[in-house]
Every structure is written in structure tokens, then in C-alpha cells.
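The file protein24.cif contains mmCIF, C-alpha atoms:
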```cif
data_run
#
loop_
_atom_site.label_atom_id
_atom_site.label_comp_id
_atom_site.auth_asym_id
_atom_site.auth_seq_id
_atom_site.Cartn_x
_atom_site.Cartn_y
_atom_site.Cartn_z
CA MET A 640 1.58 71.53 -69.23
CA ARG A 641 2.91 72.13 -65.73
CA LEU A 642 3.78 68.45 -65.33
CA THR A 643 5.62 68.47 -68.66
CA GLN A 644 7.69 71.47 -67.60
CA SER A 645 8.67 69.77 -64.36
CA LEU A 646 9.83 66.72 -66.31
CA LEU A 647 12.07 68.87 -68.50
CA SER A 648 13.87 70.27 -65.45
CA SER A 649 14.37 67.06 -63.43
CA VAL A 650 16.54 63.99 -63.79
CA GLY A 651 14.81 60.61 -64.10
CA LYS A 652 15.02 57.98 -61.40
CA MET A 653 16.64 55.43 -63.73
CA THR A 654 19.37 57.93 -64.61
CA LYS A 655 20.20 58.55 -60.94
CA LEU A 656 20.37 54.84 -60.17
CA TYR A 657 22.60 54.07 -63.15
CA SER A 658 24.97 56.95 -62.41
CA ASN A 659 25.49 55.81 -58.79
CA LEU A 660 26.28 59.44 -57.96
CA PRO A 661 24.86 61.63 -55.19
CA GLU A 662 21.90 63.70 -56.29
CA SER A 663 23.62 66.85 -55.02
CA TYR A 664 26.60 66.20 -57.32
CA ILE A 665 24.33 65.75 -60.37
CA LYS A 666 22.58 69.00 -59.50
CA ARG A 667 25.87 70.91 -59.23
CA ALA A 668 27.09 69.45 -62.53
CA MET A 669 23.91 70.55 -64.27
CA GLU A 670 24.39 74.09 -62.96
CA LYS A 671 27.33 74.53 -65.35
CA GLY A 672 25.04 75.13 -68.30
CA LYS A 673 22.17 76.79 -66.45
CA VAL A 674 23.30 80.42 -66.63
CA GLY A 675 21.79 81.95 -69.74
CA TRP A 676 23.04 85.53 -69.27
CA LYS A 677 24.96 87.51 -66.66
CA THR A 678 26.32 91.01 -66.31
CA PRO A 679 30.00 91.77 -67.01
CA ARG A 680 32.39 91.60 -64.06
CA THR A 681 33.07 95.32 -63.84
CA VAL A 682 32.45 97.92 -61.14
CA GLN A 683 29.65 99.71 -62.97
CA TYR A 684 27.45 96.60 -63.10
CA GLN A 685 25.71 94.84 -60.25
CA PRO A 686 26.25 91.06 -60.21
CA LYS A 687 23.08 89.77 -61.88
CA GLU A 688 22.38 86.60 -63.84
CA ILE A 689 19.49 84.99 -65.63
CA LYS A 690 19.28 81.22 -65.26
CA LYS A 691 17.54 78.78 -67.53
CA LYS A 692 14.39 77.23 -66.12
CA HIS A 693 14.51 74.01 -68.14
CA TYR A 694 17.11 71.69 -69.57
CA ARG A 695 17.25 69.95 -72.92
CA PHE A 696 18.11 66.33 -72.18
CA THR A 697 20.01 64.44 -74.87
CA MET A 698 22.04 61.25 -75.18
CA ASN A 699 24.75 62.90 -73.07
CA ARG A 700 24.22 62.33 -69.37
CA PRO A 701 23.45 65.32 -67.09
CA TRP A 702 26.73 65.16 -65.14
CA THR A 703 28.96 65.36 -68.24
CA ASP A 704 30.62 68.44 -69.75
CA GLU A 705 28.95 67.70 -73.10
CA PHE A 706 25.54 68.14 -71.47
CA ALA A 707 26.57 71.50 -70.02
CA ARG A 708 27.87 72.74 -73.38
CA GLN A 709 24.68 71.69 -75.17
CA ASN A 710 22.52 73.60 -72.68
CA GLN A 711 24.52 76.80 -73.05
CA VAL A 712 22.91 77.27 -76.48
CA SER A 713 19.22 78.12 -76.84
CA ARG A 714 17.37 75.29 -78.59
CA LYS A 715 13.84 74.54 -79.61
CA LYS A 716 11.61 73.49 -76.72
CA VAL A 717 10.81 69.78 -76.50
CA TYR A 718 7.56 68.47 -75.03
CA VAL A 719 7.71 65.11 -73.28
CA LYS A 720 4.68 62.94 -72.59
CA PRO A 721 4.46 62.10 -68.85
CA ILE A 722 4.71 58.38 -68.06
CA PRO A 723 3.45 57.68 -64.50
CA LYS A 724 4.99 54.19 -64.24
CA TRP A 725 8.22 53.54 -66.08
CA SER A 726 8.27 49.98 -67.42
CA TYR A 727 11.51 49.63 -69.41
CA PHE A 728 14.87 48.59 -67.98
CA ARG A 729 18.32 47.78 -69.23
CA GLY A 730 18.41 44.20 -70.53
CA ASP A 731 14.74 44.02 -71.55
CA MET A 732 13.91 42.23 -74.81
CA VAL A 733 11.84 44.50 -77.07
CA GLU A 734 10.64 44.61 -80.66
CA VAL A 735 11.03 47.65 -82.89
CA LEU A 736 7.69 48.82 -84.31
CA VAL A 737 8.85 51.54 -86.75
CA GLY A 738 11.66 52.34 -89.17
CA LYS A 739 13.92 50.18 -91.28
CA ASP A 740 14.35 47.65 -88.46
CA LYS A 741 10.62 47.19 -87.93
CA GLY A 742 9.85 43.69 -86.65
CA LYS A 743 13.37 43.04 -85.37
CA GLN A 744 13.99 42.19 -81.73
CA GLY A 745 16.85 43.30 -79.55
CA THR A 746 18.06 44.12 -76.05
CA VAL A 747 17.72 47.51 -74.39
CA SER A 748 21.25 48.82 -73.79
CA GLN A 749 20.47 52.31 -72.49
CA VAL A 750 17.50 54.06 -70.86
CA ILE A 751 16.96 57.83 -71.04
CA GLU A 752 13.87 58.39 -68.94
CA GLU A 753 13.93 62.17 -69.31
CA ARG A 754 12.97 61.90 -73.00
CA ASN A 755 11.07 58.57 -72.91
CA TRP A 756 13.89 57.00 -74.91
CA VAL A 757 15.48 53.59 -75.01
CA VAL A 758 18.43 52.47 -77.11
CA VAL A 759 18.19 48.98 -78.60
CA GLU A 760 21.54 47.27 -79.14
CA GLY A 761 22.41 47.05 -82.85
CA LEU A 762 19.07 48.38 -84.12
CA ASN A 763 17.88 51.73 -85.49
CA ALA A 764 21.50 52.64 -86.18
CA HIS A 765 22.99 55.10 -88.66
CA TYR A 766 26.61 55.38 -89.76
CA ARG A 767 28.86 58.37 -89.17
CA LEU A 768 32.24 59.20 -90.67
CA VAL A 769 34.76 60.18 -88.00
CA GLY A 770 38.47 60.97 -88.03
CA LYS A 771 38.67 62.12 -91.63
CA THR A 772 41.78 64.13 -92.52
CA ALA A 773 43.70 65.01 -95.63
CA GLN A 774 45.90 61.92 -95.20
CA TYR A 775 43.32 59.53 -93.68
CA PRO A 776 39.91 58.67 -95.21
CA GLY A 777 38.26 58.25 -91.81
CA THR A 778 36.29 55.45 -90.18
CA MET A 779 32.61 54.60 -90.42
CA ILE A 780 31.06 53.83 -87.03
CA ALA A 781 27.52 52.77 -86.22
CA SER A 782 25.57 55.10 -83.93
CA GLU A 783 22.38 53.75 -82.40
CA ALA A 784 19.55 56.29 -82.37
CA PRO A 785 17.03 56.27 -79.48
CA LEU A 786 13.44 55.06 -79.80
CA LEU A 787 10.34 56.30 -78.00
CA VAL A 788 8.76 53.87 -75.57
CA ASP A 789 5.28 55.22 -76.37
CA ASP A 790 4.79 53.76 -79.84
CA GLN A 791 8.18 52.77 -81.31
CA VAL A 792 9.09 49.74 -79.17
CA ALA A 793 7.16 47.11 -77.22
CA LEU A 794 8.11 44.52 -74.62
CA LEU A 795 8.03 40.86 -75.59
CA ASP A 796 5.62 38.39 -74.03
CA PRO A 797 7.59 35.43 -72.54
CA ALA A 798 4.81 33.08 -73.69
CA ASP A 799 5.24 33.62 -77.46
CA ASN A 800 8.02 36.27 -77.85
CA LYS A 801 5.60 38.69 -79.49
CA PRO A 802 4.94 42.34 -78.65
CA CYS A 803 2.50 42.94 -75.84
CA THR A 804 1.19 45.58 -73.47
CA ILE A 805 1.94 45.25 -69.78
CA GLU A 806 0.57 46.40 -66.47
CA TRP A 807 2.00 46.46 -62.97
CA ARG A 808 0.59 44.01 -60.44
CA TYR A 809 1.52 42.50 -57.10
CA ASN A 810 2.52 38.85 -56.80
CA GLU A 811 2.04 36.52 -53.83
CA SER A 812 5.12 37.94 -52.09
CA GLY A 813 3.83 41.51 -52.34
CA GLU A 814 6.36 42.57 -54.98
CA ARG A 815 5.41 44.76 -57.93
CA VAL A 816 5.96 42.90 -61.18
CA ARG A 817 5.21 43.49 -64.85
CA VAL A 818 2.52 41.24 -66.29
CA SER A 819 1.52 40.75 -69.92
CA THR A 820 -2.12 41.72 -70.46
CA ARG A 821 -2.50 39.08 -73.19
CA SER A 822 -1.14 35.92 -71.55
CA GLY A 823 -0.84 36.91 -67.88
CA ARG A 824 2.83 35.86 -67.78
CA ILE A 825 5.21 37.78 -65.56
CA ILE A 826 7.96 39.69 -67.36
CA PRO A 827 10.88 39.54 -64.91
CA THR A 828 13.16 42.51 -64.38
CA PRO A 829 16.58 41.69 -65.90
CA THR A 830 19.71 41.65 -63.77
CA GLN A 831 21.24 44.35 -66.01
CA ALA A 832 18.79 46.81 -64.47
CA GLU A 833 21.01 46.84 -61.35
CA GLU A 834 24.11 47.69 -63.37
CA THR A 835 25.76 51.07 -62.73
CA TYR A 836 28.98 52.77 -63.74
CA ASP A 837 30.71 51.22 -60.71
CA TYR A 838 29.43 47.63 -60.60
CA LYS A 839 27.35 45.05 -62.41
CA THR A 840 25.25 44.12 -59.38
CA ALA A 841 25.25 45.47 -55.84
CA ALA A 842 25.70 41.99 -54.37
CA THR A 843 28.96 41.33 -56.26
CA TYR A 844 30.57 44.70 -55.52
CA ARG A 845 33.68 44.67 -53.34
CA GLU A 846 34.80 47.71 -51.39
CA SER A 847 38.10 49.35 -52.27
CA GLU A 848 40.46 51.47 -50.18
CA ARG A 849 38.95 54.74 -51.42
CA ASP A 850 35.36 53.76 -50.62
CA THR A 851 33.65 55.16 -47.55
CA LYS A 852 33.16 52.35 -45.08
CA GLU A 853 29.70 51.53 -43.79
CA ASP A 854 30.81 52.02 -40.17
CA ASP A 855 32.06 55.53 -40.93
CA LEU A 856 28.57 56.61 -41.96
CA THR A 857 27.21 55.99 -38.48
CA ILE A 858 29.79 58.20 -36.72
CA ILE A 859 28.36 61.54 -35.56
CA SER A 860 31.20 63.94 -36.37
CA PHE A 861 29.25 67.19 -36.06
CA LYS A 862 28.10 68.52 -32.71
CA PRO A 863 25.96 71.66 -32.98
CA GLN A 864 26.99 74.58 -30.76
CA LEU A 865 25.92 78.17 -30.25
CA SER A 866 29.42 79.49 -30.94
CA THR A 867 30.37 80.95 -34.30
CA PHE A 868 33.05 79.67 -36.64
CA GLU A 869 35.52 82.28 -35.39
CA MET A 870 34.86 81.25 -31.78
CA ASP A 871 35.53 77.59 -32.62
CA VAL A 872 38.83 78.46 -34.31
CA ALA A 873 39.90 80.63 -31.38
CA GLU A 874 39.04 77.92 -28.88
CA SER A 875 40.96 75.26 -30.79
CA MET A 876 44.05 77.54 -30.96
CA GLY A 877 43.82 78.66 -27.34
CA ILE A 878 43.04 82.30 -28.11
CA GLU A 879 40.95 84.25 -25.63
CA LEU A 880 38.48 86.54 -27.31
CA GLY A 881 37.62 89.86 -25.71
CA PRO A 882 34.23 91.53 -25.70
CA PRO A 883 32.61 91.91 -29.12
CA PRO A 884 33.27 95.26 -30.83
CA SER A 885 30.57 97.87 -30.67
CA GLU A 886 28.47 98.52 -33.76
CA THR A 887 29.43 101.42 -35.99
CA HIS A 888 27.11 103.24 -38.32
CA TRP A 889 28.13 105.20 -41.40
CA TYR A 890 26.00 108.08 -42.60
#
```

Go through the file and emit its structure as C-alpha cells.
Amino acid sequence: MRLTQSLLSSVGKMTKLYSNLPESYIKRAMEKGKVGWKTPRTVQYQPKEIKKKHYRFTMNRPWTDEFARQNQVSRKKVYVKPIPKWSYFRGDMVEVLVGKDKGKQGTVSQVIEERNWVVVEGLNAHYRLVGKTAQYPGTMIASEAPLLVDDQVALLDPADNKPCTIEWRYNESGERVRVSTRSGRIIPTPTQAEETYDYKTAATYRESERDTKEDDLTIISFKPQLSTFEMDVAESMGIELGPPPSETHWY
């Protein structure tokens, strides 16, 4: 129970890697929808607020405004089964085990580790009518629904392209790899797993003018001192500070 609650309040590792954003930025973005109640901003009230302890993760990513708006409304609590070792990545070939597309195979296009979801490209889709007005009939678009990795999809064995169970092992080079328990074949990690919002692979990325250079990260720009912020400003402007004012007490 305690482990499930911690999963509901944290962002998955795969989500952080795909976003290519600092963890501190994701945390600040999630704070937008965390306040559940707060006192009015008037003089007769003390500034108090009640924050939500858990988030409801959806298809919208945690750093988006849609995620913040969804978490401003109280929703039914969702329990997520803990998965110690995540084994699904973008680009994996899987087979759907349930629903109208049962038995069909496809490629994983999105991973939502917080809810144990994967989205298979072109499968388990439903159609939605968008853009309908009085003068326009609207457009039907296909929306792919997520599938649980527990019992709704399975990885394919490279030996026979059939569903299989896997386990993590170490190869001769000491790298952790996924191995089919039926045939013993290694299921390689696809190159799409390295894809982020900014680049397809880290090796092919080229720095732009707005990127922070690698040499700039090694420069020590902060030198700790015992002086306060006011003392630093006065020293930089050539102002001589007198003795500190004596303490006053109000009764």
C-alpha cells in the first residue's frame, strides 16, 4: 500500500528520460495542480493551503498545462501495481492479448510508466468526432487507448515472433539485457528508446546557439562567502556600510 502511494506521487524514469527536462522543472510544473484548497487573500485570513498528496497520471505528460488542470479536480483514486523492473521501451514489438485487436502485433509508440501503460501504434484505437459546428460536420480521428503491460500486451520472441515472458540477465560484456524465457534469445533494446523531444539519438544531436556548452558547466561561478546579499551589493557598488543597527523590541 505504501509503495503504491509513492508510485502515484512520483514521475517514472522513462518519462524523465523522454522529456529531456530537468527534474526540478518537472516538479515545479506539477505544483500547478497540487493546491487543493487555500484561504482567500484577505486580511482576516492567514495564508494557509492544503496540497494534494498524490497525482492522477493520465495520457497528458506531467509538465503540461493539461495535466495541471486535470489534477485540480478531485477524481477517483487509482491503484497501480508496482513493477520492480520496467521491461517495455519505445519501438518494442508487442502483441495485443485482449480486446478487438487481440492477436495483432504492433510497435510501442508511447510509454507511460506511472500507470503501467503502453500505447501500440494503430491498435486498440477508438474514433472521436472533433471540430463539429453548425456549418461543418466535423472530422473523425483515431485515438489510440493505452494498454496495461501486466496482462494486455506481451513482448515478441525474436526466434518465432510469438508472445513470450522475459527476464533480465547479464551478457558476456556485463550489460543487462532482456532474454526470452522460452528460447533464450536476447531481445535487444530498440534505438527509439533513446528518442526524446529534442533528438532522435544522443549521438546524432548537434548543439545549437542556445544550448549550454559543455565547457560552461565546469566553470565555478559561485564562491561562498560569509557576507550577506546586502553586503555583496554594497561592496560591488562601492558603498561603505556602517555598524549594524541595534535591535528594537516592540511590546

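In this model, the gap between atom CA of A:Val735 and atom CA of A:Gln749 comes to 14.8 Å.
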
With only C-alpha atoms as the basis for distance, which of A:Leu856, A:Pro883, A:Glu833, A:Asp790 is at the shortest distance from A:Leu656? A:Glu833

On this structure, which residues satisfy the PyMOL selection byres ((chain A and resi 828) around 8), written as a list in words?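 Output from the PyMOL selection byres ((chain A and resi 828) around 8), applied to this file: Phe728, Asp731, Val816, Ile826, Pro827, Pro829, Thr830 and Ala832 of chain A.
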
For the structure shown, which residues end up in the PyMOL selection byres ((chain A and resi 768) around 9)? Put them as a list of chain:residue names, please? A:Tyr766, A:Arg767, A:Val769, A:Gly770, A:Lys771, A:Pro776, A:Gly777, A:Thr778, A:Met779, A:Ile780

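Coordinates place atom CA of A:Gln864 at a distance of 18.0 Å from atom CA of A:Ile878.
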
Using only C-alpha atoms, which residue out of A:Thr772, A:Thr746, A:Thr804, A:Thr678 lies closest to A:Glu734? A:Thr746

What is the atom CA of A:Gly823-atom CA of A:Val792 distance in Å, reported with one decimal?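 So the two atoms, atom CA of A:Gly823 and atom CA of A:Val792, lie 19.8 Å apart.
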
Considering all atoms listed in the file, can you say which of A:Trp807, A:Arg695, A:Arg849, A:Arg729 comes closest to A:Lys716? A:Arg695

Care to translate the PyMOL selection byres ((chain A and resi 798) around 7) into actual residues of this file, as a list of chain:residue names?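 The output of the PyMOL selection byres ((chain A and resi 798) around 7) on this file is A:Asp796, A:Pro797, A:Asp799, A:Asn800, A:Ser822, A:Arg824.
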
Choose the residue, out of A:Ala764, A:Ala842, A:Val719, A:Val650, that has the smallest atom-to-atom separation from A:Ala668; count all atoms listed in the file. A:Val650

Selection near stretch 750-756 of chain A, 6 Å with all atoms listed in the file, sequence-local residues under 6 positions removed, as an MDAnalysis selection string: chainID A and resid 651 785:788

Would you mind exporting stretch 672-705 of chain A with N, CA, C and O atoms, as a PDB file, in the first residue's frame?
```pdb
ATOM      1  N   GLY A 672      -1.017  22.097 -10.231  1.00  0.00           N
ATOM      2  CA  GLY A 672      -2.288  21.487  -9.881  1.00  0.00           C
ATOM      3  C   GLY A 672      -2.282  20.791  -8.537  1.00  0.00           C
ATOM      4  O   GLY A 672      -3.143  19.950  -8.281  1.00  0.00           O
ATOM      5  N   LYS A 673      -1.327  21.133  -7.682  1.00  0.00           N
ATOM      6  CA  LYS A 673      -1.200  20.426  -6.406  1.00  0.00           C
ATOM      7  C   LYS A 673      -2.038  21.051  -5.301  1.00  0.00           C
ATOM      8  O   LYS A 673      -2.419  20.379  -4.355  1.00  0.00           O
ATOM      9  N   VAL A 674      -2.314  22.340  -5.387  1.00  0.00           N
ATOM     10  CA  VAL A 674      -3.057  23.012  -4.328  1.00  0.00           C
ATOM     11  C   VAL A 674      -4.526  22.622  -4.426  1.00  0.00           C
ATOM     12  O   VAL A 674      -5.191  22.907  -5.423  1.00  0.00           O
ATOM     13  N   GLY A 675      -5.029  21.957  -3.389  1.00  0.00           N
ATOM     14  CA  GLY A 675      -6.419  21.555  -3.394  1.00  0.00           C
ATOM     15  C   GLY A 675      -7.343  22.606  -2.813  1.00  0.00           C
ATOM     16  O   GLY A 675      -8.492  22.743  -3.241  1.00  0.00           O
ATOM     17  N   TRP A 676      -6.868  23.384  -1.817  1.00  0.00           N
ATOM     18  CA  TRP A 676      -7.678  24.426  -1.197  1.00  0.00           C
ATOM     19  C   TRP A 676      -6.753  25.423  -0.522  1.00  0.00           C
ATOM     20  O   TRP A 676      -5.708  25.053   0.009  1.00  0.00           O
ATOM     21  N   LYS A 677      -7.130  26.695  -0.547  1.00  0.00           N
ATOM     22  CA  LYS A 677      -6.363  27.723   0.142  1.00  0.00           C
ATOM     23  C   LYS A 677      -7.302  28.839   0.588  1.00  0.00           C
ATOM     24  O   LYS A 677      -8.387  29.036   0.016  1.00  0.00           O
ATOM     25  N   THR A 678      -6.881  29.548   1.614  1.00  0.00           N
ATOM     26  CA  THR A 678      -7.707  30.602   2.176  1.00  0.00           C
ATOM     27  C   THR A 678      -7.762  31.799   1.239  1.00  0.00           C
ATOM     28  O   THR A 678      -6.846  32.023   0.444  1.00  0.00           O
ATOM     29  N   PRO A 679      -8.835  32.602   1.323  1.00  0.00           N
ATOM     30  CA  PRO A 679      -8.905  33.812   0.483  1.00  0.00           C
ATOM     31  C   PRO A 679      -7.795  34.796   0.832  1.00  0.00           C
ATOM     32  O   PRO A 679      -7.299  34.846   1.955  1.00  0.00           O
ATOM     33  N   ARG A 680      -7.412  35.596  -0.148  1.00  0.00           N
ATOM     34  CA  ARG A 680      -6.348  36.591   0.048  1.00  0.00           C
ATOM     35  C   ARG A 680      -6.929  37.879   0.627  1.00  0.00           C
ATOM     36  O   ARG A 680      -6.998  38.913  -0.031  1.00  0.00           O
ATOM     37  N   THR A 681      -7.349  37.807   1.871  1.00  0.00           N
ATOM     38  CA  THR A 681      -7.861  38.975   2.579  1.00  0.00           C
ATOM     39  C   THR A 681      -7.188  39.066   3.938  1.00  0.00           C
ATOM     40  O   THR A 681      -6.571  38.107   4.412  1.00  0.00           O
ATOM     41  N   VAL A 682      -7.322  40.221   4.585  1.00  0.00           N
ATOM     42  CA  VAL A 682      -6.578  40.472   5.816  1.00  0.00           C
ATOM     43  C   VAL A 682      -7.073  39.628   6.981  1.00  0.00           C
ATOM     44  O   VAL A 682      -6.317  39.364   7.924  1.00  0.00           O
ATOM     45  N   GLN A 683      -8.320  39.185   6.959  1.00  0.00           N
ATOM     46  CA  GLN A 683      -8.833  38.441   8.099  1.00  0.00           C
ATOM     47  C   GLN A 683      -8.475  36.959   8.061  1.00  0.00           C
ATOM     48  O   GLN A 683      -8.836  36.211   8.962  1.00  0.00           O
ATOM     49  N   TYR A 684      -7.801  36.509   7.011  1.00  0.00           N
ATOM     50  CA  TYR A 684      -7.416  35.112   6.905  1.00  0.00           C
ATOM     51  C   TYR A 684      -5.895  34.995   6.896  1.00  0.00           C
ATOM     52  O   TYR A 684      -5.201  35.791   6.244  1.00  0.00           O
ATOM     53  N   GLN A 685      -5.394  33.998   7.594  1.00  0.00           N
ATOM     54  CA  GLN A 685      -3.976  33.681   7.497  1.00  0.00           C
ATOM     55  C   GLN A 685      -3.712  32.896   6.215  1.00  0.00           C
ATOM     56  O   GLN A 685      -4.560  32.107   5.782  1.00  0.00           O
ATOM     57  N   PRO A 686      -2.555  33.095   5.589  1.00  0.00           N
ATOM     58  CA  PRO A 686      -2.277  32.367   4.344  1.00  0.00           C
ATOM     59  C   PRO A 686      -2.050  30.873   4.607  1.00  0.00           C
ATOM     60  O   PRO A 686      -0.977  30.456   5.047  1.00  0.00           O
ATOM     61  N   LYS A 687      -3.068  30.079   4.368  1.00  0.00           N
ATOM     62  CA  LYS A 687      -2.991  28.637   4.535  1.00  0.00           C
ATOM     63  C   LYS A 687      -3.432  27.951   3.251  1.00  0.00           C
ATOM     64  O   LYS A 687      -4.251  28.483   2.499  1.00  0.00           O
ATOM     65  N   GLU A 688      -2.881  26.768   3.001  1.00  0.00           N
ATOM     66  CA  GLU A 688      -3.277  25.982   1.840  1.00  0.00           C
ATOM     67  C   GLU A 688      -3.132  24.503   2.127  1.00  0.00           C
ATOM     68  O   GLU A 688      -2.294  24.099   2.932  1.00  0.00           O
ATOM     69  N   ILE A 689      -3.984  23.743   1.481  1.00  0.00           N
ATOM     70  CA  ILE A 689      -3.961  22.290   1.595  1.00  0.00           C
ATOM     71  C   ILE A 689      -3.555  21.733   0.238  1.00  0.00           C
ATOM     72  O   ILE A 689      -4.230  21.979  -0.768  1.00  0.00           O
ATOM     73  N   LYS A 690      -2.454  20.999   0.214  1.00  0.00           N
ATOM     74  CA  LYS A 690      -1.940  20.456  -1.031  1.00  0.00           C
ATOM     75  C   LYS A 690      -2.319  18.989  -1.179  1.00  0.00           C
ATOM     76  O   LYS A 690      -2.460  18.269  -0.199  1.00  0.00           O
ATOM     77  N   LYS A 691      -2.453  18.581  -2.428  1.00  0.00           N
ATOM     78  CA  LYS A 691      -2.751  17.188  -2.703  1.00  0.00           C
ATOM     79  C   LYS A 691      -1.506  16.333  -2.462  1.00  0.00           C
ATOM     80  O   LYS A 691      -0.383  16.743  -2.766  1.00  0.00           O
ATOM     81  N   LYS A 692      -1.713  15.147  -1.939  1.00  0.00           N
ATOM     82  CA  LYS A 692      -0.600  14.255  -1.662  1.00  0.00           C
ATOM     83  C   LYS A 692      -0.242  13.389  -2.862  1.00  0.00           C
ATOM     84  O   LYS A 692       0.887  12.934  -2.976  1.00  0.00           O
ATOM     85  N   HIS A 693      -1.203  13.141  -3.734  1.00  0.00           N
ATOM     86  CA  HIS A 693      -0.970  12.247  -4.865  1.00  0.00           C
ATOM     87  C   HIS A 693      -1.505  12.886  -6.139  1.00  0.00           C
ATOM     88  O   HIS A 693      -2.381  13.749  -6.104  1.00  0.00           O
ATOM     89  N   TYR A 694      -0.950  12.436  -7.254  1.00  0.00           N
ATOM     90  CA  TYR A 694      -1.376  12.894  -8.561  1.00  0.00           C
ATOM     91  C   TYR A 694      -2.112  11.767  -9.288  1.00  0.00           C
ATOM     92  O   TYR A 694      -1.895  10.592  -9.013  1.00  0.00           O
ATOM     93  N   ARG A 695      -2.943  12.173 -10.236  1.00  0.00           N
ATOM     94  CA  ARG A 695      -3.590  11.208 -11.106  1.00  0.00           C
ATOM     95  C   ARG A 695      -2.935  11.340 -12.481  1.00  0.00           C
ATOM     96  O   ARG A 695      -3.183  12.302 -13.213  1.00  0.00           O
ATOM     97  N   PHE A 696      -2.097  10.388 -12.819  1.00  0.00           N
ATOM     98  CA  PHE A 696      -1.370  10.434 -14.084  1.00  0.00           C
ATOM     99  C   PHE A 696      -2.273   9.951 -15.211  1.00  0.00           C
ATOM    100  O   PHE A 696      -2.991   8.947 -15.070  1.00  0.00           O
ATOM    101  N   THR A 697      -2.221  10.657 -16.327  1.00  0.00           N
ATOM    102  CA  THR A 697      -3.041  10.341 -17.487  1.00  0.00           C
ATOM    103  C   THR A 697      -2.153  10.324 -18.729  1.00  0.00           C
ATOM    104  O   THR A 697      -0.924  10.288 -18.629  1.00  0.00           O
ATOM    105  N   MET A 698      -2.787  10.385 -19.890  1.00  0.00           N
ATOM    106  CA  MET A 698      -2.023  10.432 -21.139  1.00  0.00           C
ATOM    107  C   MET A 698      -1.279  11.760 -21.287  1.00  0.00           C
ATOM    108  O   MET A 698      -0.291  11.835 -22.022  1.00  0.00           O
ATOM    109  N   ASN A 699      -1.754  12.805 -20.626  1.00  0.00           N
ATOM    110  CA  ASN A 699      -1.049  14.088 -20.659  1.00  0.00           C
ATOM    111  C   ASN A 699       0.181  14.023 -19.765  1.00  0.00           C
ATOM    112  O   ASN A 699       0.130  13.499 -18.659  1.00  0.00           O
ATOM    113  N   ARG A 700       1.282  14.558 -20.241  1.00  0.00           N
ATOM    114  CA  ARG A 700       2.541  14.469 -19.530  1.00  0.00           C
ATOM    115  C   ARG A 700       2.581  15.436 -18.357  1.00  0.00           C
ATOM    116  O   ARG A 700       1.946  16.493 -18.370  1.00  0.00           O
ATOM    117  N   PRO A 701       3.341  15.127 -17.296  1.00  0.00           N
ATOM    118  CA  PRO A 701       3.283  15.912 -16.052  1.00  0.00           C
ATOM    119  C   PRO A 701       3.679  17.374 -16.185  1.00  0.00           C
ATOM    120  O   PRO A 701       3.312  18.173 -15.331  1.00  0.00           O
ATOM    121  N   TRP A 702       4.425  17.766 -17.204  1.00  0.00           N
ATOM    122  CA  TRP A 702       4.883  19.141 -17.321  1.00  0.00           C
ATOM    123  C   TRP A 702       3.940  19.991 -18.187  1.00  0.00           C
ATOM    124  O   TRP A 702       4.227  21.146 -18.449  1.00  0.00           O
ATOM    125  N   THR A 703       2.808  19.442 -18.602  1.00  0.00           N
ATOM    126  CA  THR A 703       1.886  20.172 -19.457  1.00  0.00           C
ATOM    127  C   THR A 703       0.795  20.849 -18.621  1.00  0.00           C
ATOM    128  O   THR A 703       0.516  20.461 -17.486  1.00  0.00           O
ATOM    129  N   ASP A 704       0.159  21.867 -19.215  1.00  0.00           N
ATOM    130  CA  ASP A 704      -0.948  22.549 -18.542  1.00  0.00           C
ATOM    131  C   ASP A 704      -2.179  21.654 -18.439  1.00  0.00           C
ATOM    132  O   ASP A 704      -2.969  21.799 -17.505  1.00  0.00           O
ATOM    133  N   GLU A 705      -2.356  20.742 -19.397  1.00  0.00           N
ATOM    134  CA  GLU A 705      -3.497  19.829 -19.329  1.00  0.00           C
ATOM    135  C   GLU A 705      -3.413  18.932 -18.096  1.00  0.00           C
ATOM    136  O   GLU A 705      -4.423  18.639 -17.454  1.00  0.00           O
TER     137      GLU A 705
END
```
